[in-house]
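Engineer: My structure is in work08.csv, and what it holds is CSV, C-alpha atoms:
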```csv
chain,number,residue,atom,x,y,z
A,1,MET,CA,22.1,35.5,-18.6
A,2,ALA,CA,21.9,36.8,-15.0
A,3,SER,CA,18.3,35.4,-14.7
A,4,ALA,CA,19.5,31.9,-15.8
A,5,LEU,CA,22.3,32.0,-13.2
A,6,THR,CA,19.9,32.9,-10.4
A,7,ARG,CA,17.4,30.3,-11.5
A,8,THR,CA,20.0,27.5,-11.2
A,9,PRO,CA,20.9,28.1,-7.6
A,10,ARG,CA,17.2,28.4,-6.7
A,11,ARG,CA,16.5,25.1,-8.3
A,12,ASN,CA,19.3,23.5,-6.4
A,13,TRP,CA,17.8,24.7,-3.1
A,14,ASN,CA,14.3,23.4,-3.7
A,15,LEU,CA,12.6,21.0,-1.2
A,16,PRO,CA,13.4,17.8,-3.0
A,17,ASN,CA,17.1,18.6,-3.1
A,18,LEU,CA,17.0,19.8,0.5
A,19,LEU,CA,15.7,16.3,1.4
A,20,THR,CA,18.5,14.7,-0.5
A,21,TYR,CA,21.1,16.9,1.2
A,22,GLY,CA,19.5,15.9,4.5
A,23,ARG,CA,20.0,12.2,3.6
A,24,VAL,CA,23.7,12.9,2.9
A,25,ALA,CA,24.0,14.8,6.2
A,26,ALA,CA,22.3,11.8,8.1
A,27,VAL,CA,25.1,9.4,7.1
A,28,PRO,CA,27.8,10.7,9.6
A,29,LEU,CA,25.1,11.0,12.3
A,30,VAL,CA,24.0,7.4,11.9
A,31,VAL,CA,27.6,6.2,11.9
A,32,ALA,CA,28.4,8.3,15.0
A,33,PHE,CA,25.6,6.7,17.1
A,34,LEU,CA,26.6,3.2,15.9
A,35,PHE,CA,30.0,3.7,17.5
A,36,TRP,CA,28.1,2.8,20.7
A,37,PRO,CA,26.5,-0.5,19.6
A,38,ALA,CA,26.0,-1.8,23.2
A,39,GLU,CA,24.0,1.3,24.2
A,40,PHE,CA,20.3,0.9,23.5
A,41,TRP,CA,19.7,4.7,23.4
A,42,ALA,CA,22.4,5.0,20.7
A,43,ARG,CA,20.8,2.2,18.7
A,44,TRP,CA,17.4,3.8,18.8
A,45,THR,CA,18.8,7.3,18.0
A,46,ALA,CA,20.7,5.8,15.0
A,47,LEU,CA,17.5,4.0,13.9
A,48,ALA,CA,15.4,7.2,14.2
A,49,ILE,CA,17.8,9.2,12.0
A,50,TYR,CA,18.1,6.3,9.6
A,51,CYS,CA,14.3,6.0,9.2
A,52,ALA,CA,14.0,9.7,8.6
A,53,ALA,CA,16.7,9.5,5.9
A,54,ALA,CA,15.1,6.4,4.3
A,55,ILE,CA,11.7,8.2,4.1
A,56,THR,CA,13.3,11.1,2.3
A,57,ASP,CA,14.4,8.7,-0.4
A,58,PHE,CA,10.8,8.3,-1.4
A,59,PHE,CA,9.7,11.9,-1.0
A,60,ASP,CA,12.6,13.7,-2.7
A,61,GLY,CA,11.9,11.9,-6.1
A,62,TYR,CA,8.1,12.0,-5.7
A,63,LEU,CA,8.0,15.8,-4.9
A,64,ALA,CA,10.5,16.6,-7.6
A,65,ARG,CA,8.2,14.9,-10.2
A,66,ALA,CA,5.0,16.2,-8.7
A,67,TRP,CA,6.2,19.8,-8.5
A,68,SER,CA,8.3,19.7,-11.7
A,69,GLN,CA,11.4,20.6,-9.7
A,70,GLN,CA,13.7,17.9,-11.1
A,71,SER,CA,17.3,19.1,-11.5
A,72,SER,CA,20.6,17.7,-12.7
A,73,LEU,CA,22.1,18.0,-9.2
A,74,GLY,CA,19.2,16.1,-7.7
A,75,ARG,CA,19.4,13.3,-10.3
A,76,MET,CA,23.2,13.0,-9.6
A,77,LEU,CA,23.0,13.3,-5.8
A,78,ASP,CA,20.0,11.1,-5.1
A,79,PRO,CA,21.6,7.7,-6.0
A,80,ILE,CA,24.9,8.8,-4.3
A,81,ALA,CA,23.1,9.6,-1.1
A,82,ASP,CA,21.4,6.2,-1.1
A,83,LYS,CA,24.7,4.4,-1.7
A,84,LEU,CA,26.5,6.4,1.0
A,85,LEU,CA,23.8,5.6,3.6
A,86,VAL,CA,23.7,1.9,2.7
A,87,ALA,CA,27.5,1.4,2.5
A,88,ALA,CA,28.2,3.3,5.8
A,89,VAL,CA,25.5,1.4,7.7
A,90,LEU,CA,26.7,-2.0,6.3
A,91,LEU,CA,30.3,-1.3,7.3
A,92,MET,CA,29.3,-0.2,10.9
A,93,LEU,CA,27.1,-3.3,11.3
A,94,VAL,CA,29.9,-5.6,10.2
A,95,ALA,CA,32.3,-3.8,12.5
A,96,ASP,CA,30.1,-4.3,15.5
A,97,ARG,CA,29.4,-7.9,14.5
A,98,THR,CA,25.6,-7.4,14.0
A,99,ILE,CA,26.3,-8.8,10.5
A,100,MET,CA,28.7,-11.8,10.7
A,101,GLY,CA,29.3,-15.3,9.5
A,102,TRP,CA,27.6,-16.2,6.2
A,103,SER,CA,25.6,-13.0,6.3
A,104,LEU,CA,28.8,-11.2,5.4
A,105,TRP,CA,28.4,-12.5,1.9
A,106,ALA,CA,25.0,-10.8,1.6
A,107,ALA,CA,26.6,-7.5,2.7
A,108,ILE,CA,29.5,-8.0,0.2
A,109,VAL,CA,27.1,-8.7,-2.7
A,110,ILE,CA,25.1,-5.5,-1.9
A,111,LEU,CA,28.3,-3.4,-1.7
A,112,CYS,CA,29.8,-4.8,-4.9
A,113,ARG,CA,26.6,-4.3,-6.8
A,114,GLU,CA,26.4,-0.7,-5.7
A,115,ILE,CA,29.9,-0.1,-7.0
A,116,LEU,CA,29.3,-2.0,-10.2
A,117,VAL,CA,26.0,-0.1,-10.9
A,118,SER,CA,27.7,3.2,-10.2
A,119,GLY,CA,30.4,2.5,-12.8
A,120,LEU,CA,27.9,1.1,-15.3
A,121,ARG,CA,25.6,4.1,-14.9
A,122,GLU,CA,28.5,6.5,-15.6
A,123,TYR,CA,29.6,4.5,-18.6
A,124,LEU,CA,26.0,4.3,-20.0
A,125,ALA,CA,25.4,8.0,-19.3
A,126,GLU,CA,28.3,8.8,-21.6
A,127,LEU,CA,26.6,6.8,-24.3
A,128,ARG,CA,23.3,8.5,-23.5
A,129,VAL,CA,21.7,5.2,-22.6
A,130,SER,CA,19.3,5.2,-19.7
A,131,VAL,CA,18.4,2.1,-17.7
A,132,PRO,CA,15.0,2.7,-16.1
A,133,VAL,CA,14.5,1.6,-12.5
A,134,SER,CA,12.5,-1.7,-12.6
A,135,THR,CA,9.9,-2.8,-10.1
A,136,VAL,CA,12.2,-5.5,-8.8
A,137,ALA,CA,14.9,-2.8,-8.1
A,138,LYS,CA,12.3,-1.0,-6.0
A,139,TRP,CA,11.6,-4.2,-4.1
A,140,LYS,CA,15.3,-4.6,-3.6
A,141,THR,CA,15.6,-1.1,-2.2
A,142,THR,CA,12.7,-1.6,0.1
A,143,ALA,CA,13.9,-4.9,1.4
A,144,GLN,CA,17.4,-3.4,1.9
A,145,PHE,CA,16.2,-0.4,3.8
A,146,VAL,CA,13.9,-2.4,6.0
A,147,ALA,CA,16.6,-5.1,6.7
A,148,LEU,CA,19.1,-2.4,7.7
A,149,GLY,CA,16.5,-0.8,10.0
A,150,PHE,CA,16.0,-4.1,11.9
A,151,LEU,CA,19.8,-4.6,12.1
A,152,ILE,CA,20.5,-1.1,13.3
A,153,ALA,CA,18.0,-1.7,16.2
A,154,GLY,CA,20.0,-4.9,16.9
A,155,PRO,CA,19.8,-6.0,20.5
A,156,ALA,CA,17.7,-3.0,21.4
A,157,GLY,CA,15.1,-4.1,18.9
A,158,ALA,CA,15.3,-7.7,20.1
A,159,ALA,CA,14.5,-6.6,23.7
A,160,VAL,CA,11.2,-5.2,22.4
A,161,MET,CA,10.5,-7.7,19.6
A,162,PRO,CA,12.4,-11.0,20.0
A,163,GLY,CA,13.6,-12.3,16.7
A,164,SER,CA,13.9,-8.9,15.0
A,165,ALA,CA,17.6,-9.5,14.3
A,166,THR,CA,16.7,-12.7,12.4
A,167,VAL,CA,14.1,-10.8,10.4
A,168,GLY,CA,16.8,-8.3,9.5
A,169,VAL,CA,19.2,-11.0,8.4
A,170,VAL,CA,16.6,-12.8,6.3
A,171,LEU,CA,15.6,-9.5,4.6
A,172,LEU,CA,19.3,-8.7,4.0
A,173,TRP,CA,19.6,-12.0,2.1
A,174,VAL,CA,16.4,-11.3,0.2
A,175,ALA,CA,17.9,-7.9,-0.8
A,176,ALA,CA,21.2,-9.6,-1.8
A,177,ILE,CA,19.4,-12.0,-4.1
A,178,LEU,CA,17.3,-9.2,-5.7
A,179,THR,CA,20.6,-7.2,-5.9
A,180,LEU,CA,22.1,-10.0,-8.1
A,181,TYR,CA,19.0,-10.0,-10.3
A,182,THR,CA,18.8,-6.3,-10.8
A,183,GLY,CA,22.6,-6.0,-11.2
A,184,TRP,CA,22.4,-8.3,-14.2
A,185,ASP,CA,20.1,-5.9,-15.9
A,186,TYR,CA,22.8,-3.2,-15.8
A,187,MET,CA,25.5,-5.7,-16.8
A,188,LYS,CA,23.4,-6.8,-19.8
A,189,ALA,CA,22.7,-3.2,-20.9
A,190,GLY,CA,26.5,-2.4,-20.6
A,191,TYR,CA,27.6,-5.5,-22.4
A,192,ASP,CA,25.1,-5.0,-25.2
A,193,HIS,CA,26.6,-1.6,-25.9
A,194,VAL,CA,30.2,-2.8,-25.6
A,195,ALA,CA,29.5,-5.6,-28.0
A,196,ASP,CA,28.1,-3.2,-30.5
A,197,GLU,CA,31.3,-1.2,-30.7
```
Before we go any further, please render this structure as structure tokens.

Structural biologist:
Amino acid sequence: MASALTRTPRRNWNLPNLLTYGRVAAVPLVVAFLFWPAEFWARWTALAIYCAAAITDFFDGYLARAWSQQSSLGRMLDPIADKLLVAAVLLMLVADRTIMGWSLWAAIVILCREILVSGLREYLAELRVSVPVSTVAKWKTTAQFVALGFLIAGPAGAAVMPGSATVGVVLLWVAAILTLYTGWDYMKAGYDHVADE
């Protein structure tokens, strides 16, 4: 009994989980630096932290599988960390008007999908139904992370690479369209099981 209790905390403090914790800790840091959107140093610092957090999104899952260190806590916290990072950055970019006009719809679609999928995942988990992550969902995540990276850089990025903000907006719309497509997979899986009851 005691050995089982000591194994669980140890598993929760393995490297893959530490990377996930780091991604959660990065959220307030990125948000804090985005409070100074006109300062180029703040934009670059926010981007550096954001990029480090985005990279951990790949490595925590990869290392957990490669080293057989998967845990219930990691499976629960990984998608939460992603959603916290994306939602917080989107809100800050809307607040400083980096995202504005028609592009607000892309941000709204992405945020609504994240909430919808979270609810559906919880519902389907109760039914012991898993919806595997599709290749399109991985493309969506990649487009989303890259788009937000360009938009975080904002005017600081445009000073180095003119047109970078436009690249960010275009990729945000690509992510939003892929978001609708992948969101439908979850909706269909949820509806199929509701219809069966």

Engineer: Point out the residue among A:Tyr186, A:Trp41, A:Trp139, A:Trp105 with the least atom-to-atom distance to Arg121 of chain A, counting all atoms listed in the file.

Structural biologist: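 Looking at the shortest contact to Arg121 of chain A, the residue is A:Tyr186.
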
Engineer: Nearest to Leu77 of chain A among A:Leu18, A:Ala46, A:Ala106, A:Met92, with distances taken over all atoms listed in the file: which residue is it?

Structural biologist: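 Selected residue with least distance to Leu77 of chain A: A:Leu18.
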
Engineer: Which distance in Å separates atom CA of Lys83 of chain A and atom CA of Ala153 of chain A, to one decimal?

Structural biologist: 20.1 Å

Engineer: Kindly indicate which residue among A:Ala32, A:Leu180, A:Leu93, A:Val117 lies nearest to Gly168 of chain A, using only C-alpha atoms for the distances.

Structural biologist: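 Under the stated criterion, the closest residue is A:Leu93.
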
Engineer: Would you mind telling me which residue in A:Ile49, A:Ala42, A:Leu151, A:Ala81 lies nearest to Ile99 of chain A when using only C-alpha atoms?

Structural biologist: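 Comparing A:Ile49, A:Ala42, A:Leu151, A:Ala81 against Ile99 of chain A, the winner is A:Leu151.
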
Engineer: Would you list the contacts of Phe40 of chain A as an MDAnalysis selection string, taking every protein, DNA or RNA residue within 8 Å and counting all atoms listed in the file, but skipping same-chain residues closer than 3 positions in sequence?

Structural biologist: chainID A and resid 37 43:44 155:156

Engineer: What gap, in Å, lies between atom CA of Phe58 of chain A and atom CA of Leu178 of chain A?

Structural biologist: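 About the pair atom CA of Phe58 of chain A and atom CA of Leu178 of chain A: they are 19.2 Å apart.
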
Engineer: Calculate how many Å separate atom CA of Lys140 of chain A from atom CA of Ala176 of chain A, rounding to one decimal.

Structural biologist: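 About the pair atom CA of Lys140 of chain A and atom CA of Ala176 of chain A: they are 7.9 Å apart.
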
Engineer: Please return as a list in words every residue within 12 Å of (13.5, 0.3, -10.8), taking into account all atoms listed in the file and the file's own coordinates.

Structural biologist: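 Counting all atoms listed in the file, I find these residues within 12 Å of (13.5, 0.3, -10.8): Pro79, Ser130, Val131, Pro132, Val133, Ser134, Thr135, Val136, Ala137, Lys138, Trp139, Lys140, Thr141, Thr142, Leu178, Thr179, Tyr181, Thr182, Gly183, Asp185 and Tyr186 of chain A.
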
Engineer: Calculated over all atoms listed in the file, which of the candidates A:Lys188, A:Ala147, A:Ala158, A:Thr56 has the smallest distance to Ala25 of chain A?

Structural biologist: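 Looking at the shortest contact to Ala25 of chain A, the residue is A:Thr56.
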
Engineer: Of the residues A:Ala54, A:Ala143, A:Leu34, A:Val170, which is the one nearest to Leu91 of chain A, using only C-alpha atoms?

Structural biologist: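 The shortest atom-to-atom distance to Leu91 of chain A comes from A:Leu34.
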